[in-house]
Every structure is written in C-alpha cells, then in structure tokens.
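S.K.: Can you keep this structure in mind? I'll have questions shortly.
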Amino acid sequence: MRIGIHFDGVIVDIISKTVTVAREYFHVRVGLEQVALIGNFLTPDQREELRKAVYEQRVSALSVKEVNGAPYHIPLLIASGHEVVAFTSRSGSSLEIGQEWSRRHGLKFLKFVGGVNCDRARAVAGCDVYVDDDLDKLISLVDAVPHLFLFSWGYKKQVDTSVTPIQRVHSWAELYKKIKALTGGH
C-alpha cells in the first residue's frame, strides 16, 4: 500500500511547538486546545515572525518533538512492505529543515511531496491511505483516496467525522492497527 502522511501534526508535533514559541516570543498564553486562537492575539507581522520561528529558524524548527509513536510505527509500516510518503505545504528552507528533522529522527526513507501551491488531490493520487490532522483537507480527498484517517488531537475532539467516510484515530498505535487490518494483518 502507498500511505500518505501529513508531516506537520501527524509526524511532527507542530502544535505544541507553535504554542511554546507564541508563549516565549509574544507572551501569548493559550493551551493546545486553543491553538487556533493564537493569531487573534498577534499582529500580522507577529504571525509571520511566529511562522518563521516554528518552521524556518533552524535551531527552533529542528527542536520540534515527534508525534508520539511516529518514529517507531513508520519503520514498521515500511518493513511490512508499504511505501510511506510525507506530504507537506513546506517549501524552500522550511522543507529542507523538515527533511533534516526526518533524517535526525531515523526517518531517512520518507519521500516528501507537496509545496505551498500543491494540488493535494493530484499529489495524493495513487495513495491507498492518507492521514492528516486537518478534517477539511481530508474531506477534499474523499473521492481521491480510499482510506482516510483524521489524526485527532485533543483540540480536535469536537470535530464530527460521523457524516464522512473518514476514520478518527487517536494515536500511532491505533493507526498502525487499522492499516494492518486493511491489509489482512500484513
């Protein structure tokens, strides 16, 4: 199977990093559940500075933690014969930093697909599974990918997936089991 995984939010914990940087740089105090509100407290210039600190400042961006279980389960998927592709909107230095982060975390085999102006539906063509932490992105792929999974963080618990073919998963262990079940245990 070809498995597409959104890099930020499913492989790297970009949400916790964003909250931490907003707190350190701008004294914005929000919890993970309110991450979407950070922009309300910042000027456009501050939002851009926050984005650069999280995605482009090498030391900061390389210190992003992995999503618990990603560096363990991704190699298991590869060892089971699956092709794993990381999808991202990153480009330029931000993409290079993401690739370096992956190598440093033992994920040297990941291919990166995407970019700022990437047509996601076209990019995921050929994927049997796609995993993202953004329901809107998944909804746009309902007819393009047979098996869609919403990697559900606590701040996404109010998101209703019951009217879509999208399955919610709460951890890499749960995602791995569901993918394994799709392939008859392989």
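We label chains A, B, ... in the order they appear in the structure tokens, count residues from 1 in each chain, and number ligands from 1 in the order shown.
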Neighbouring residues of A:Gln57 were defined as those with any atom within 12 Å, considering only C-alpha atoms; residues of the same chain fewer than 5 positions away were excluded. Please report them as a VMD selection string.

M.R.: chain A and resid 21 49 to 52 62 to 64 93 to 98

S.K.: Write out, as an mmCIF file, in the first residue's frame, the residues just selected, with N, CA and C atoms.

M.R.:
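part_27.cif, written as the output of this step:
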```
data_model
loop_
_atom_site.group_PDB
_atom_site.id
_atom_site.type_symbol
_atom_site.label_atom_id
_atom_site.label_comp_id
_atom_site.auth_asym_id
_atom_site.auth_seq_id
_atom_site.Cartn_x
_atom_site.Cartn_y
_atom_site.Cartn_z
ATOM 1 N N VAL A 21 6.363 28.553 21.239
ATOM 2 C CA VAL A 21 7.005 29.731 20.653
ATOM 3 C C VAL A 21 6.145 30.974 20.864
ATOM 4 N N GLU A 49 6.390 36.313 12.077
ATOM 5 C CA GLU A 49 7.557 36.001 12.905
ATOM 6 C C GLU A 49 7.379 34.648 13.606
ATOM 7 N N LEU A 50 6.174 34.388 14.079
ATOM 8 C CA LEU A 50 5.878 33.098 14.710
ATOM 9 C C LEU A 50 6.050 31.966 13.702
ATOM 10 N N ARG A 51 5.509 32.138 12.497
ATOM 11 C CA ARG A 51 5.637 31.112 11.460
ATOM 12 C C ARG A 51 7.103 30.832 11.154
ATOM 13 N N LYS A 52 7.884 31.881 11.005
ATOM 14 C CA LYS A 52 9.310 31.696 10.704
ATOM 15 C C LYS A 52 10.029 30.991 11.839
ATOM 16 N N LEU A 62 14.268 22.532 14.288
ATOM 17 C CA LEU A 62 14.810 21.182 14.485
ATOM 18 C C LEU A 62 14.529 20.639 15.881
ATOM 19 N N SER A 63 14.117 21.514 16.795
ATOM 20 C CA SER A 63 13.824 21.054 18.161
ATOM 21 C C SER A 63 12.374 20.618 18.340
ATOM 22 N N VAL A 64 11.591 20.647 17.268
ATOM 23 C CA VAL A 64 10.204 20.191 17.340
ATOM 24 C C VAL A 64 10.206 18.706 17.725
ATOM 25 N N SER A 93 13.606 26.619 2.541
ATOM 26 C CA SER A 93 14.372 26.250 3.738
ATOM 27 C C SER A 93 13.526 25.480 4.739
ATOM 28 N N SER A 94 12.237 25.779 4.800
ATOM 29 C CA SER A 94 11.349 25.060 5.711
ATOM 30 C C SER A 94 11.272 23.580 5.337
ATOM 31 N N LEU A 95 11.205 23.288 4.045
ATOM 32 C CA LEU A 95 11.189 21.900 3.578
ATOM 33 C C LEU A 95 12.521 21.228 3.886
ATOM 34 N N GLU A 96 13.624 21.924 3.636
ATOM 35 C CA GLU A 96 14.944 21.358 3.933
ATOM 36 C C GLU A 96 15.089 21.030 5.415
ATOM 37 N N ILE A 97 14.591 21.907 6.268
ATOM 38 C CA ILE A 97 14.641 21.665 7.714
ATOM 39 C C ILE A 97 13.775 20.458 8.071
ATOM 40 N N GLY A 98 12.599 20.339 7.460
ATOM 41 C CA GLY A 98 11.738 19.177 7.701
ATOM 42 C C GLY A 98 12.421 17.885 7.293
#
```

S.K.: Which polymer residues have any atom within 7 Å of an atom of A:Phe87, counting only C-alpha atoms, with same-chain residues fewer than 2 positions away left out, as a PyMOL selection string?

M.R.: chain A and resi 4-7+85+112-114

S.K.: Given the choices A:Arg47, A:Arg23, A:His73, A:Arg2, which gets closest to A:Tyr176 if the distance is worked out from only C-alpha atoms?

M.R.: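 Of all the options, A:His73 lies closest to A:Tyr176.
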
S.K.: Please indicate the distance in Å from atom CA of A:Ile3 to atom CA of A:Gly69, rounded to one decimal place.

M.R.: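 Result for atom CA of A:Ile3 versus atom CA of A:Gly69: 16.2 Å, one decimal.
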
S.K.: For A:Leu150, which of A:Val10, A:Leu37, A:Ala79, A:Thr20 is the closest residue, counting only C-alpha atoms?

M.R.: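 The answer is A:Val10, which sits nearest to A:Leu150.
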